[in-house]
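Asks: Following this message is one structure expressed as structure tokens.
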Amino acid sequence: MAFKKEKLFVRKIEEKARLTPTGIFARVPCDNWETNGYRSITWKQYNDGINKIAHWLDETLGKSADNATVSYFGANDIRYAFVFAALNKSNRKLLTPDGRLMKGALHGLLAESSCKAWLYTEDEIAAQTPFGLEETGVAQHAFPSLEWCLAAEDTPPYPYTKTYEEHKWEEILIIHTSGTTGPPKPIYMNNGFWAAACASPQLSKRNWPRAIGSEELYGRSLILACPMRWNSGLILTNAFGVFANTCCVLPPPDAVGLPPAVFDKLTELNLVEGLVATPFTVAELFNDATTRPTLQALDFVTYLGARLDKTVGDALVQHTRLGSVIGATETGGRFSFLPRDKKFWHTFDFIPEAHVRLVPISKSELPTSATEDGDVHRMFIDRPEGEAREDMCAFWNVRMFEHADTIDTKELWRPVDCDGEMRWEFFARADDSVKLFGGVSFDAAEFETPIARHLGVRVSFVGGAGRPAPFVILDMYEDAVRGRNQGDVAREVWETVIEPLNRQVVKEIRIPVETVMVTVEGRPLPLGMKQLVLRTRAEEEYKAEIEAAYARLNKGQDSREKFAAFMK
């Protein structure tokens with residue numbers, strides 16, 4: 001009889017608990033962890049805890065007959081993984097709200113996703129108070145402690161009889177767009193999407209002997225320096241952990257990112273072979289003289305969410321394997337073959353199963369204000385023939401792409417000659433979306449349009465990708481600046497237009513006065529044929545002024561403090 005691979009992650013957890021009960025699922029901090037250290041959670045403990053929570057959910061919320069939506073807003077710990085699996089097992093789906101959402105935006109998200117209950121941990125009560133949840137009518141319940149979840153040895157199994165074929169379209173997880181400048185939009189993942197997200201080992205086997213970028217995670221023990229509330233937290237634990245034997249070492253719940261002192265301590269208390277983190281965290285550990293040797297000694301470093309500073313990457317790759325697993329929330333991961341030379345660590349060659357198509361922007365028939373460079377290509381994802389593939393996430397997202405034959409990623413890429421091999425380097429967004437260094441995105445037009453209404457502003461440019469805050473470059477009419485100090489002009493526009501806008505958006509994307517600047521006389525913002533700012537060219541031409549603006553900002557606020565606000 002042929003061996004049948006399990007595709008439902010809850011069943012895979014049951015299988016691992018049965019076959020390798022003492023195998024380690026994750027490493028988590030004990031109370032007073034600096035003294036008492038870390039503890040292991042075995043596959044049996046994980047499965048027992050899931051069963052216990054599933055029974056508790058039925059007792060607390062009643063049996064779910066309609067795949068009810070339940071929100072979880074908890075401390076940054078492994079309970080997210082437990083809750084996700086237990087909700088799935090008890091015929092419910094998980095909504096993971098971002099703590100940055102404003103009250104009205106969150107209420108809209110709860111209503112649109114038909115959320116029936118809100119689970120929270122005791123240490124998040126203060127953080128959720130501004131949400132005004134009592135106004136929504138959603139039932140609120142305190143979720144038990146991690147110790148309670150782990151004290152589950154005698155819990156009877158929770159019956160789970162679903163099969164993949166019958167339930168592959170069943171929704172199990174709801175994440176959402178950032179909601180920074182507009183209403184957050186829910187993004188629904190079903191069992192098929194999640195199974196495809198877990199298919200990296202299959203793709204690796206199929207494409208052997210060529211290696212793909214995710215292989216460094218298989219069977220490894222790594223520090224996961226991304227919040228469990230983020231999609232990457234659940235992917236690393238309940239996808240790579242379950243299907244690729246990745247063991248995640250979680251930082252203490254109150255750690256923001258991975259401060260150098262915490263990183264050092266974690267490597268002393270755990271077997272740490274690698275690191276998965278944001279580019280900010282990687283750069284911070286590299287630039288700290290005390291942690292750089294330990295970082296360089298790791299077997300691998302994987303960065304997520306944004307580009308890594310090339311100067312940092314070029315130096316770090318001389319000591320360890322460096323790579324990125326990239327993708328998008330709504331379309332899933334896009335895996336890439338490894339480069340033949342480490343100096344091309346920042347480039348990608350997407351595997352055939354990604355169904356990526358790169359088209360010169362002049363032939364894509366879609367507008368972009370980023371550049372007019374004919375060498376730049378726009379990325380599309382094409383639908384494979386036949387049914388949705390079990391190794392490709394994108395077209396399982398039926399709410400967004402059910403009738404689409406191709407998906408515009410709105411990403412621009414540039415070909416790179418890698419010693420005779422053509423690979424691709426990310427160039428810019430095709431639209432006006434800006435992703436700050438903490439992963440929060442916003443639409444630049446939401447700022448640029450009202451700023452341009454100021455009588456003295458000819459055109460404005462808002463950017464800041466990979467930065468701690470947005471910047472604004474103001475191209476003013478001559479009469480508005482004649483005889484005036486540029487700094488005074490910038491402050492006047494900030495006070496009259498930008499600061500009122502700041503009060504309408506979440507704090508993470510507010511524009512500080514320090515990063516507002518006026519164009520230099522004789523150097524107007526470059527415009528394309530449609531009189532739109534050529535964004536990448538403008539940023540390059542004003543590189544020195546932008547760096548000076550962030551230097552001013554850093555004098556008043558430490559970048560780690562800004563990063564802490566993002567991560568929380």
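Ordered as shown in the structure tokens, chains take letters A, B, and onward, while each chain numbers its residues from 1 and ligands are numbered from 1 in the order shown.
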Would you list, as an mmCIF file with N, CA and C atoms, in the first residue's frame, the residues of region 374-473 of chain A that end up in strand (DSSP E) under DSSP run on this structure's backbone?

Replies:
data_model
loop_
_atom_site.group_PDB
_atom_site.id
_atom_site.type_symbol
_atom_site.label_atom_id
_atom_site.label_comp_id
_atom_site.auth_asym_id
_atom_site.auth_seq_id
_atom_site.Cartn_x
_atom_site.Cartn_y
_atom_site.Cartn_z
ATOM 1 N N HIS A 377 11.018 45.066 -14.728
ATOM 2 C CA HIS A 377 9.912 44.180 -15.071
ATOM 3 C C HIS A 377 8.857 44.168 -13.964
ATOM 4 N N ARG A 378 7.627 43.907 -14.369
ATOM 5 C CA ARG A 378 6.523 43.768 -13.424
ATOM 6 C C ARG A 378 6.239 42.280 -13.234
ATOM 7 N N MET A 379 5.983 41.873 -11.988
ATOM 8 C CA MET A 379 5.784 40.457 -11.699
ATOM 9 C C MET A 379 4.307 40.088 -11.669
ATOM 10 N N PHE A 380 3.995 38.990 -12.355
ATOM 11 C CA PHE A 380 2.658 38.405 -12.332
ATOM 12 C C PHE A 380 2.762 36.946 -11.882
ATOM 13 N N ILE A 381 1.688 36.441 -11.298
ATOM 14 C CA ILE A 381 1.582 35.023 -10.965
ATOM 15 C C ILE A 381 0.450 34.452 -11.805
ATOM 16 N N ASP A 382 0.754 33.447 -12.617
ATOM 17 C CA ASP A 382 -0.239 32.873 -13.523
ATOM 18 C C ASP A 382 -0.875 31.630 -12.929
ATOM 19 N N THR A 406 -4.552 35.472 -13.868
ATOM 20 C CA THR A 406 -3.230 35.966 -13.506
ATOM 21 C C THR A 406 -3.377 36.998 -12.395
ATOM 22 N N ILE A 407 -2.375 37.088 -11.543
ATOM 23 C CA ILE A 407 -2.395 38.009 -10.408
ATOM 24 C C ILE A 407 -1.270 39.018 -10.582
ATOM 25 N N ASP A 408 -1.619 40.284 -10.537
ATOM 26 C CA ASP A 408 -0.621 41.345 -10.573
ATOM 27 C C ASP A 408 -0.093 41.548 -9.157
ATOM 28 N N THR A 409 1.166 41.212 -8.918
ATOM 29 C CA THR A 409 1.731 41.352 -7.575
ATOM 30 C C THR A 409 2.021 42.805 -7.213
ATOM 31 N N LYS A 410 1.989 43.675 -8.218
ATOM 32 C CA LYS A 410 2.338 45.095 -8.034
ATOM 33 C C LYS A 410 3.780 45.255 -7.546
ATOM 34 N N GLU A 411 4.619 44.308 -7.927
ATOM 35 C CA GLU A 411 6.041 44.361 -7.588
ATOM 36 C C GLU A 411 6.861 44.554 -8.856
ATOM 37 N N LEU A 412 7.913 45.340 -8.748
ATOM 38 C CA LEU A 412 8.833 45.560 -9.858
ATOM 39 C C LEU A 412 10.175 44.910 -9.533
ATOM 40 N N TRP A 413 10.713 44.197 -10.521
ATOM 41 C CA TRP A 413 11.974 43.481 -10.347
ATOM 42 C C TRP A 413 12.922 43.839 -11.483
ATOM 43 N N ARG A 414 14.213 43.706 -11.213
ATOM 44 C CA ARG A 414 15.234 44.053 -12.186
ATOM 45 C C ARG A 414 16.150 42.850 -12.405
ATOM 46 N N PRO A 415 16.444 42.501 -13.668
ATOM 47 C CA PRO A 415 17.343 41.363 -13.916
ATOM 48 C C PRO A 415 18.776 41.693 -13.506
ATOM 49 N N VAL A 416 19.465 40.676 -12.990
ATOM 50 C CA VAL A 416 20.858 40.835 -12.569
ATOM 51 C C VAL A 416 21.679 39.719 -13.208
ATOM 52 N N ASP A 417 22.744 40.085 -13.899
ATOM 53 C CA ASP A 417 23.648 39.089 -14.483
ATOM 54 C C ASP A 417 24.560 38.571 -13.376
ATOM 55 N N CYS A 418 24.321 37.345 -12.956
ATOM 56 C CA CYS A 418 25.095 36.738 -11.864
ATOM 57 C C CYS A 418 26.131 35.788 -12.450
ATOM 58 N N GLU A 421 24.499 33.757 -15.100
ATOM 59 C CA GLU A 421 23.170 33.273 -14.721
ATOM 60 C C GLU A 421 22.280 34.484 -14.450
ATOM 61 N N MET A 422 21.105 34.540 -15.091
ATOM 62 C CA MET A 422 20.215 35.670 -14.850
ATOM 63 C C MET A 422 19.322 35.392 -13.649
ATOM 64 N N ARG A 423 19.393 36.286 -12.681
ATOM 65 C CA ARG A 423 18.535 36.227 -11.515
ATOM 66 C C ARG A 423 17.837 37.575 -11.373
ATOM 67 N N TRP A 424 17.023 37.712 -10.337
ATOM 68 C CA TRP A 424 16.190 38.901 -10.212
ATOM 69 C C TRP A 424 16.371 39.554 -8.853
ATOM 70 N N GLU A 425 16.392 40.881 -8.875
ATOM 71 C CA GLU A 425 16.516 41.681 -7.657
ATOM 72 C C GLU A 425 15.271 42.555 -7.522
ATOM 73 N N PHE A 426 14.705 42.587 -6.310
ATOM 74 C CA PHE A 426 13.535 43.440 -6.097
ATOM 75 C C PHE A 426 13.926 44.898 -6.312
ATOM 76 N N PHE A 427 13.071 45.626 -7.047
ATOM 77 C CA PHE A 427 13.373 47.018 -7.389
ATOM 78 C C PHE A 427 12.501 48.002 -6.602
ATOM 79 N N ALA A 428 11.183 47.824 -6.666
ATOM 80 C CA ALA A 428 10.277 48.754 -5.987
ATOM 81 C C ALA A 428 8.853 48.237 -6.114
ATOM 82 N N ARG A 429 7.951 48.863 -5.399
ATOM 83 C CA ARG A 429 6.527 48.620 -5.599
ATOM 84 C C ARG A 429 6.093 49.347 -6.868
ATOM 85 N N SER A 433 2.401 52.016 -2.584
ATOM 86 C CA SER A 433 2.472 51.422 -1.257
ATOM 87 C C SER A 433 3.889 51.545 -0.700
ATOM 88 N N VAL A 434 3.983 51.925 0.563
ATOM 89 C CA VAL A 434 5.271 52.078 1.241
ATOM 90 C C VAL A 434 5.265 51.179 2.473
ATOM 91 N N LYS A 435 6.256 50.306 2.592
ATOM 92 C CA LYS A 435 6.371 49.432 3.762
ATOM 93 C C LYS A 435 7.516 49.922 4.639
ATOM 94 N N SER A 441 2.505 48.815 6.226
ATOM 95 C CA SER A 441 2.417 49.429 4.907
ATOM 96 C C SER A 441 1.347 50.509 4.891
ATOM 97 N N PHE A 442 1.529 51.479 4.017
ATOM 98 C CA PHE A 442 0.500 52.496 3.805
ATOM 99 C C PHE A 442 0.582 52.976 2.366
ATOM 100 N N ASP A 443 -0.491 53.595 1.899
ATOM 101 C CA ASP A 443 -0.558 54.115 0.542
ATOM 102 C C ASP A 443 -0.085 55.562 0.560
ATOM 103 N N VAL A 457 2.180 74.102 -2.576
ATOM 104 C CA VAL A 457 2.808 72.847 -2.988
ATOM 105 C C VAL A 457 2.493 72.540 -4.451
ATOM 106 N N ARG A 458 3.543 72.415 -5.255
ATOM 107 C CA ARG A 458 3.355 72.023 -6.654
ATOM 108 C C ARG A 458 3.141 70.523 -6.755
ATOM 109 N N VAL A 459 3.986 69.757 -6.090
ATOM 110 C CA VAL A 459 3.854 68.300 -6.055
ATOM 111 C C VAL A 459 4.601 67.806 -4.818
ATOM 112 N N SER A 460 4.162 66.680 -4.270
ATOM 113 C CA SER A 460 4.840 66.129 -3.095
ATOM 114 C C SER A 460 5.163 64.661 -3.328
ATOM 115 N N PHE A 461 6.136 64.179 -2.583
ATOM 116 C CA PHE A 461 6.557 62.776 -2.670
ATOM 117 C C PHE A 461 6.709 62.245 -1.260
ATOM 118 N N VAL A 462 5.956 61.195 -0.934
ATOM 119 C CA VAL A 462 6.030 60.549 0.373
ATOM 120 C C VAL A 462 6.654 59.169 0.185
ATOM 121 N N GLY A 463 7.702 58.884 0.911
ATOM 122 C CA GLY A 463 8.379 57.588 0.839
ATOM 123 C C GLY A 463 8.769 57.117 2.225
ATOM 124 N N PHE A 471 8.983 59.858 5.034
ATOM 125 C CA PHE A 471 9.537 61.178 4.752
ATOM 126 C C PHE A 471 8.662 61.859 3.707
ATOM 127 N N VAL A 472 8.766 63.182 3.624
ATOM 128 C CA VAL A 472 8.029 63.962 2.628
ATOM 129 C C VAL A 472 8.991 64.936 1.967
ATOM 130 N N ILE A 473 8.998 64.948 0.642
ATOM 131 C CA ILE A 473 9.734 65.962 -0.108
ATOM 132 C C ILE A 473 8.705 66.861 -0.781
#

Asks: Determine, for each residue of region 81-170 of chain A having at least one atom at most 10 Å from an atom of region 50-65 of chain A, the closest pair of atoms and their separation in Å to one decimal, counting only C-alpha atoms; order by chain and ascending number, as a tab-separated table.

Replies:
residue	atom	partner	partner_atom	distance
A:Ala81	CA	A:Ile50	CA	9.1
A:Phe82	CA	A:Ile50	CA	5.7
A:Val83	CA	A:Ile53	CA	7.3
A:Phe84	CA	A:Ile50	CA	8.9
A:Ala85	CA	A:Ile50	CA	6.4
A:Ala86	CA	A:Ala54	CA	4.9
A:Leu87	CA	A:Ala54	CA	6.6
A:Asn88	CA	A:Ala54	CA	8.7
A:Lys89	CA	A:Ala54	CA	6.7
A:Ser90	CA	A:Ala54	CA	5.6
A:Asn91	CA	A:Ser64	CA	6.0
A:Arg92	CA	A:Ser64	CA	6.7
A:Lys116	CA	A:Leu61	CA	8.9
A:Ala117	CA	A:Leu61	CA	7.8
A:Ala139	CA	A:Leu61	CA	8.9
A:His141	CA	A:Thr60	CA	8.2
A:Phe143	CA	A:Ile53	CA	9.4
A:Pro144	CA	A:Ile53	CA	8.9
A:Trp148	CA	A:Lys52	CA	9.1
A:Cys149	CA	A:Ile53	CA	7.0
A:Leu150	CA	A:Lys52	CA	9.0
A:Ala151	CA	A:Lys52	CA	8.9
A:Ala152	CA	A:Lys52	CA	6.2
A:Glu153	CA	A:Lys52	CA	9.1
A:Asp154	CA	A:Lys52	CA	9.1
A:Thr155	CA	A:Lys52	CA	5.9
A:Pro156	CA	A:Asn51	CA	7.2
A:Pro157	CA	A:Asn51	CA	5.7
A:Tyr158	CA	A:Asn51	CA	5.2
A:Pro159	CA	A:Asn51	CA	8.7
A:Tyr160	CA	A:Asn51	CA	9.9

Asks: Mind giving me the straight-line distance from CA of Met476 (chain A) to CA of Thr515 (chain A) in Å, one decimal?

Replies: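 CA of Thr515 (chain A) lies at a distance of 16.1 Å from CA of Met476 (chain A).
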
Asks: Between A:Phe344, A:Trp230, A:Phe447, A:Phe437, which one has atoms that come closest to Thr177 (chain A), using only C-alpha atoms?

Replies: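 Of A:Phe344, A:Trp230, A:Phe447, A:Phe437, the one nearest Thr177 (chain A) is A:Trp230, counting only C-alpha atoms.
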
Asks: Compile the contact shell of Glu540 (chain A) as a list in words: residues with an atom at most 12 Å away, counting only C-alpha atoms, same-chain residues fewer than 4 positions apart removed.

Replies: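 Surrounding residues, per the criterion: Ala370, Thr371, Gly463, Leu525, Pro526, Leu534, Arg535, Thr536, Ala544, Glu545, Ile546 and Glu547 of chain A.
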
Asks: Go ahead and save the picked residues with N, CA and C atoms, as a PDB file, in the first residue's frame.

Replies:
ATOM      1  N   ALA A 370       6.710  54.424 -10.373  1.00  0.00           N
ATOM      2  CA  ALA A 370       7.993  54.143  -9.725  1.00  0.00           C
ATOM      3  C   ALA A 370       9.177  54.499 -10.613  1.00  0.00           C
ATOM      4  N   THR A 371       9.067  54.184 -11.899  1.00  0.00           N
ATOM      5  CA  THR A 371      10.207  54.369 -12.796  1.00  0.00           C
ATOM      6  C   THR A 371       9.738  54.284 -14.241  1.00  0.00           C
ATOM      7  N   GLY A 463       7.702  58.884   0.911  1.00  0.00           N
ATOM      8  CA  GLY A 463       8.379  57.588   0.839  1.00  0.00           C
ATOM      9  C   GLY A 463       8.769  57.117   2.225  1.00  0.00           C
ATOM     10  N   LEU A 525      11.513  67.781  -8.255  1.00  0.00           N
ATOM     11  CA  LEU A 525      11.244  66.344  -8.273  1.00  0.00           C
ATOM     12  C   LEU A 525      11.084  65.879  -9.717  1.00  0.00           C
ATOM     13  N   PRO A 526      11.700  64.759 -10.102  1.00  0.00           N
ATOM     14  CA  PRO A 526      11.573  64.268 -11.480  1.00  0.00           C
ATOM     15  C   PRO A 526      10.167  63.738 -11.746  1.00  0.00           C
ATOM     16  N   LEU A 534       8.529  60.304 -10.424  1.00  0.00           N
ATOM     17  CA  LEU A 534       9.256  59.047 -10.631  1.00  0.00           C
ATOM     18  C   LEU A 534       9.918  58.700  -9.299  1.00  0.00           C
ATOM     19  N   ARG A 535       9.299  57.814  -8.579  1.00  0.00           N
ATOM     20  CA  ARG A 535       9.582  57.644  -7.158  1.00  0.00           C
ATOM     21  C   ARG A 535      11.002  57.149  -6.876  1.00  0.00           C
ATOM     22  N   THR A 536      11.439  56.123  -7.570  1.00  0.00           N
ATOM     23  CA  THR A 536      12.778  55.593  -7.284  1.00  0.00           C
ATOM     24  C   THR A 536      13.868  56.580  -7.692  1.00  0.00           C
ATOM     25  N   ALA A 544      21.021  62.088  -0.173  1.00  0.00           N
ATOM     26  CA  ALA A 544      21.768  62.769   0.892  1.00  0.00           C
ATOM     27  C   ALA A 544      20.833  63.526   1.821  1.00  0.00           C
ATOM     28  N   GLU A 545      19.853  64.218   1.249  1.00  0.00           N
ATOM     29  CA  GLU A 545      18.908  64.980   2.070  1.00  0.00           C
ATOM     30  C   GLU A 545      18.041  64.060   2.920  1.00  0.00           C
ATOM     31  N   ILE A 546      17.677  62.913   2.369  1.00  0.00           N
ATOM     32  CA  ILE A 546      16.862  61.949   3.121  1.00  0.00           C
ATOM     33  C   ILE A 546      17.657  61.390   4.296  1.00  0.00           C
ATOM     34  N   GLU A 547      18.921  61.040   4.045  1.00  0.00           N
ATOM     35  CA  GLU A 547      19.759  60.525   5.132  1.00  0.00           C
ATOM     36  C   GLU A 547      19.918  61.571   6.232  1.00  0.00           C
TER      37      GLU A 547
END

Asks: Can you pull out the residues contacting region 107-109 of chain A? Cut-off 12 Å, using only C-alpha atoms, and skip same-chain residues under 4 positions away; I want them as a PDB file with N, CA and C atoms, in the first residue's frame.

Replies:
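For reference, part13.pdb as written:
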ATOM      1  N   THR A  69     -16.081  32.257  13.541  1.00  0.00           N
ATOM      2  CA  THR A  69     -14.862  33.051  13.659  1.00  0.00           C
ATOM      3  C   THR A  69     -14.625  33.440  15.110  1.00  0.00           C
ATOM      4  N   SER A  71     -11.685  35.476  17.536  1.00  0.00           N
ATOM      5  CA  SER A  71     -10.486  36.304  17.555  1.00  0.00           C
ATOM      6  C   SER A  71      -9.637  35.968  18.774  1.00  0.00           C
ATOM      7  N   LEU A  95      -9.165  34.471  13.870  1.00  0.00           N
ATOM      8  CA  LEU A  95      -8.888  35.827  13.402  1.00  0.00           C
ATOM      9  C   LEU A  95      -7.792  36.405  14.291  1.00  0.00           C
ATOM     10  N   THR A  96      -6.705  36.880  13.679  1.00  0.00           N
ATOM     11  CA  THR A  96      -5.595  37.461  14.450  1.00  0.00           C
ATOM     12  C   THR A  96      -5.554  38.967  14.208  1.00  0.00           C
ATOM     13  N   PRO A  97      -6.201  39.753  15.061  1.00  0.00           N
ATOM     14  CA  PRO A  97      -6.208  41.209  14.866  1.00  0.00           C
ATOM     15  C   PRO A  97      -4.870  41.829  15.234  1.00  0.00           C
ATOM     16  N   ASP A  98      -4.493  42.818  14.485  1.00  0.00           N
ATOM     17  CA  ASP A  98      -3.258  43.550  14.738  1.00  0.00           C
ATOM     18  C   ASP A  98      -3.519  44.576  15.834  1.00  0.00           C
ATOM     19  N   LEU A 101      -4.496  48.439  15.147  1.00  0.00           N
ATOM     20  CA  LEU A 101      -5.734  48.929  14.558  1.00  0.00           C
ATOM     21  C   LEU A 101      -6.408  49.958  15.452  1.00  0.00           C
ATOM     22  N   MET A 102      -6.987  50.962  14.818  1.00  0.00           N
ATOM     23  CA  MET A 102      -7.770  51.939  15.551  1.00  0.00           C
ATOM     24  C   MET A 102      -9.149  51.352  15.822  1.00  0.00           C
ATOM     25  N   LYS A 103      -9.841  51.938  16.777  1.00  0.00           N
ATOM     26  CA  LYS A 103     -11.102  51.391  17.278  1.00  0.00           C
ATOM     27  C   LYS A 103     -12.115  51.126  16.161  1.00  0.00           C
ATOM     28  N   SER A 113     -15.921  39.980   9.372  1.00  0.00           N
ATOM     29  CA  SER A 113     -15.528  38.573   9.507  1.00  0.00           C
ATOM     30  C   SER A 113     -16.516  37.768  10.348  1.00  0.00           C
ATOM     31  N   SER A 114     -17.622  38.395  10.761  1.00  0.00           N
ATOM     32  CA  SER A 114     -18.664  37.734  11.572  1.00  0.00           C
ATOM     33  C   SER A 114     -18.070  37.092  12.821  1.00  0.00           C
ATOM     34  N   CYS A 115     -17.219  37.852  13.510  1.00  0.00           N
ATOM     35  CA  CYS A 115     -16.546  37.325  14.699  1.00  0.00           C
ATOM     36  C   CYS A 115     -17.550  37.103  15.824  1.00  0.00           C
ATOM     37  N   TRP A 118     -14.159  36.930  21.342  1.00  0.00           N
ATOM     38  CA  TRP A 118     -12.828  37.541  21.454  1.00  0.00           C
ATOM     39  C   TRP A 118     -12.137  36.916  22.656  1.00  0.00           C
ATOM     40  N   PRO A 130      -8.554  50.366  24.772  1.00  0.00           N
ATOM     41  CA  PRO A 130      -8.981  51.405  23.822  1.00  0.00           C
ATOM     42  C   PRO A 130      -9.840  50.879  22.674  1.00  0.00           C
ATOM     43  N   PHE A 131      -9.905  49.560  22.492  1.00  0.00           N
ATOM     44  CA  PHE A 131     -10.664  49.005  21.374  1.00  0.00           C
ATOM     45  C   PHE A 131     -12.174  49.170  21.545  1.00  0.00           C
ATOM     46  N   GLY A 132     -12.644  49.381  22.781  1.00  0.00           N
ATOM     47  CA  GLY A 132     -14.084  49.520  23.000  1.00  0.00           C
ATOM     48  C   GLY A 132     -14.862  48.292  22.565  1.00  0.00           C
ATOM     49  N   LEU A 133     -14.365  47.110  22.917  1.00  0.00           N
ATOM     50  CA  LEU A 133     -14.982  45.866  22.447  1.00  0.00           C
ATOM     51  C   LEU A 133     -16.405  45.687  22.939  1.00  0.00           C
ATOM     52  N   GLU A 134     -16.732  46.261  24.098  1.00  0.00           N
ATOM     53  CA  GLU A 134     -18.084  46.103  24.627  1.00  0.00           C
ATOM     54  C   GLU A 134     -19.124  46.712  23.688  1.00  0.00           C
ATOM     55  N   GLU A 135     -18.707  47.618  22.822  1.00  0.00           N
ATOM     56  CA  GLU A 135     -19.642  48.244  21.884  1.00  0.00           C
ATOM     57  C   GLU A 135     -19.969  47.336  20.705  1.00  0.00           C
ATOM     58  N   THR A 136     -19.176  46.288  20.494  1.00  0.00           N
ATOM     59  CA  THR A 136     -19.359  45.427  19.323  1.00  0.00           C
ATOM     60  C   THR A 136     -20.361  44.309  19.548  1.00  0.00           C
ATOM     61  N   GLY A 137     -20.624  43.976  20.803  1.00  0.00           N
ATOM     62  CA  GLY A 137     -21.496  42.841  21.088  1.00  0.00           C
ATOM     63  C   GLY A 137     -20.794  41.503  20.994  1.00  0.00           C
ATOM     64  N   VAL A 138     -19.492  41.506  20.698  1.00  0.00           N
ATOM     65  CA  VAL A 138     -18.725  40.265  20.621  1.00  0.00           C
ATOM     66  C   VAL A 138     -18.410  39.792  22.040  1.00  0.00           C
ATOM     67  N   ILE A 174      -7.975  33.882   9.447  1.00  0.00           N
ATOM     68  CA  ILE A 174      -8.224  35.200   8.864  1.00  0.00           C
ATOM     69  C   ILE A 174      -7.139  36.153   9.358  1.00  0.00           C
ATOM     70  N   ILE A 175      -6.363  36.672   8.428  1.00  0.00           N
ATOM     71  CA  ILE A 175      -5.461  37.768   8.749  1.00  0.00           C
ATOM     72  C   ILE A 175      -6.007  38.995   8.019  1.00  0.00           C
ATOM     73  N   HIS A 176      -5.331  40.105   8.053  1.00  0.00           N
ATOM     74  CA  HIS A 176      -5.913  41.293   7.429  1.00  0.00           C
ATOM     75  C   HIS A 176      -4.836  42.252   6.958  1.00  0.00           C
ATOM     76  N   THR A 177      -5.230  43.131   6.033  1.00  0.00           N
ATOM     77  CA  THR A 177      -4.330  44.184   5.583  1.00  0.00           C
ATOM     78  C   THR A 177      -4.094  45.156   6.730  1.00  0.00           C
ATOM     79  N   SER A 178      -3.118  46.033   6.580  1.00  0.00           N
ATOM     80  CA  SER A 178      -2.655  46.827   7.720  1.00  0.00           C
ATOM     81  C   SER A 178      -3.693  47.782   8.280  1.00  0.00           C
ATOM     82  N   GLY A 179      -4.587  48.301   7.433  1.00  0.00           N
ATOM     83  CA  GLY A 179      -5.581  49.235   7.949  1.00  0.00           C
ATOM     84  C   GLY A 179      -4.969  50.515   8.468  1.00  0.00           C
ATOM     85  N   GLY A 182      -6.732  53.146   5.695  1.00  0.00           N
ATOM     86  CA  GLY A 182      -8.094  52.820   5.278  1.00  0.00           C
ATOM     87  C   GLY A 182      -8.580  51.622   6.057  1.00  0.00           C
ATOM     88  N   PRO A 183      -9.826  51.208   5.827  1.00  0.00           N
ATOM     89  CA  PRO A 183     -10.362  50.062   6.563  1.00  0.00           C
ATOM     90  C   PRO A 183      -9.539  48.802   6.300  1.00  0.00           C
ATOM     91  N   PRO A 184      -9.225  48.014   7.325  1.00  0.00           N
ATOM     92  CA  PRO A 184      -8.501  46.758   7.106  1.00  0.00           C
ATOM     93  C   PRO A 184      -9.381  45.760   6.367  1.00  0.00           C
ATOM     94  N   LYS A 185      -8.783  45.031   5.452  1.00  0.00           N
ATOM     95  CA  LYS A 185      -9.535  44.043   4.680  1.00  0.00           C
ATOM     96  C   LYS A 185      -9.137  42.638   5.133  1.00  0.00           C
ATOM     97  N   PRO A 186     -10.115  41.805   5.490  1.00  0.00           N
ATOM     98  CA  PRO A 186      -9.765  40.440   5.903  1.00  0.00           C
ATOM     99  C   PRO A 186      -9.249  39.618   4.735  1.00  0.00           C
ATOM    100  N   ILE A 187      -8.286  38.759   5.013  1.00  0.00           N
ATOM    101  CA  ILE A 187      -7.743  37.823   4.031  1.00  0.00           C
ATOM    102  C   ILE A 187      -7.951  36.425   4.596  1.00  0.00           C
TER     103      ILE A 187
END

Asks: Go through A:Glu170, A:Arg206, A:Glu448, A:Val497 and flag the residue nearest Glu353 (chain A), using only C-alpha atoms for the distances.

Replies: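 Answer, going by the shortest atom-to-atom distance: A:Arg206.
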
Asks: Which residues, written as a compact mmCIF listing (two decimals) with N, CA and C atoms, in the first residue's frame, have at least one atom at most 8 Å from Glu124 (chain A), with only C-alpha atoms counted and residues fewer than 2 positions away on the same chain left out?

Replies:
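Dumped everything to around.txt:
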# COMPACT_ATOMS: atom_id res chain seq x y z
N PHE A 73 -6.35 37.61 20.94
CA PHE A 73 -5.45 38.74 21.16
C PHE A 73 -4.67 38.44 22.43
N GLY A 74 -3.50 37.83 22.25
CA GLY A 74 -2.79 37.33 23.42
C GLY A 74 -1.37 37.82 23.52
N ALA A 75 -0.73 37.44 24.62
CA ALA A 75 0.69 37.73 24.79
C ALA A 75 1.49 37.07 23.67
N TYR A 120 -8.69 36.66 24.99
CA TYR A 120 -7.56 37.51 25.32
C TYR A 120 -6.82 36.92 26.51
N THR A 121 -5.56 37.28 26.64
CA THR A 121 -4.80 36.87 27.82
C THR A 121 -4.77 38.04 28.80
N GLU A 122 -4.60 37.71 30.07
CA GLU A 122 -4.71 38.71 31.13
C GLU A 122 -3.73 39.87 30.93
N ALA A 126 -4.91 45.78 29.31
CA ALA A 126 -4.66 47.21 29.14
C ALA A 126 -4.54 47.59 27.67
N ALA A 127 -3.87 46.73 26.89
CA ALA A 127 -3.66 47.03 25.47
C ALA A 127 -4.96 47.04 24.69
N GLN A 128 -5.94 46.22 25.09
CA GLN A 128 -7.18 46.13 24.33
C GLN A 128 -8.26 47.08 24.85

Asks: At a cut-off of 12 Å, using only C-alpha atoms, what residues contact region 31-35 of chain A? Leave out same-chain residues fewer than 3 positions from it and give the result as a list in words.

Replies: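 The neighbour list is Arg27, Val28, Tyr38, Arg39, Ser145, Leu146, Glu147, Leu250, Pro251, Pro252, Pro253, Asp254, Ala255, Ala261, Val262, Phe263, Asp264, Lys265, Leu266, Thr267, Glu268, Leu269 and Asn270 of chain A.
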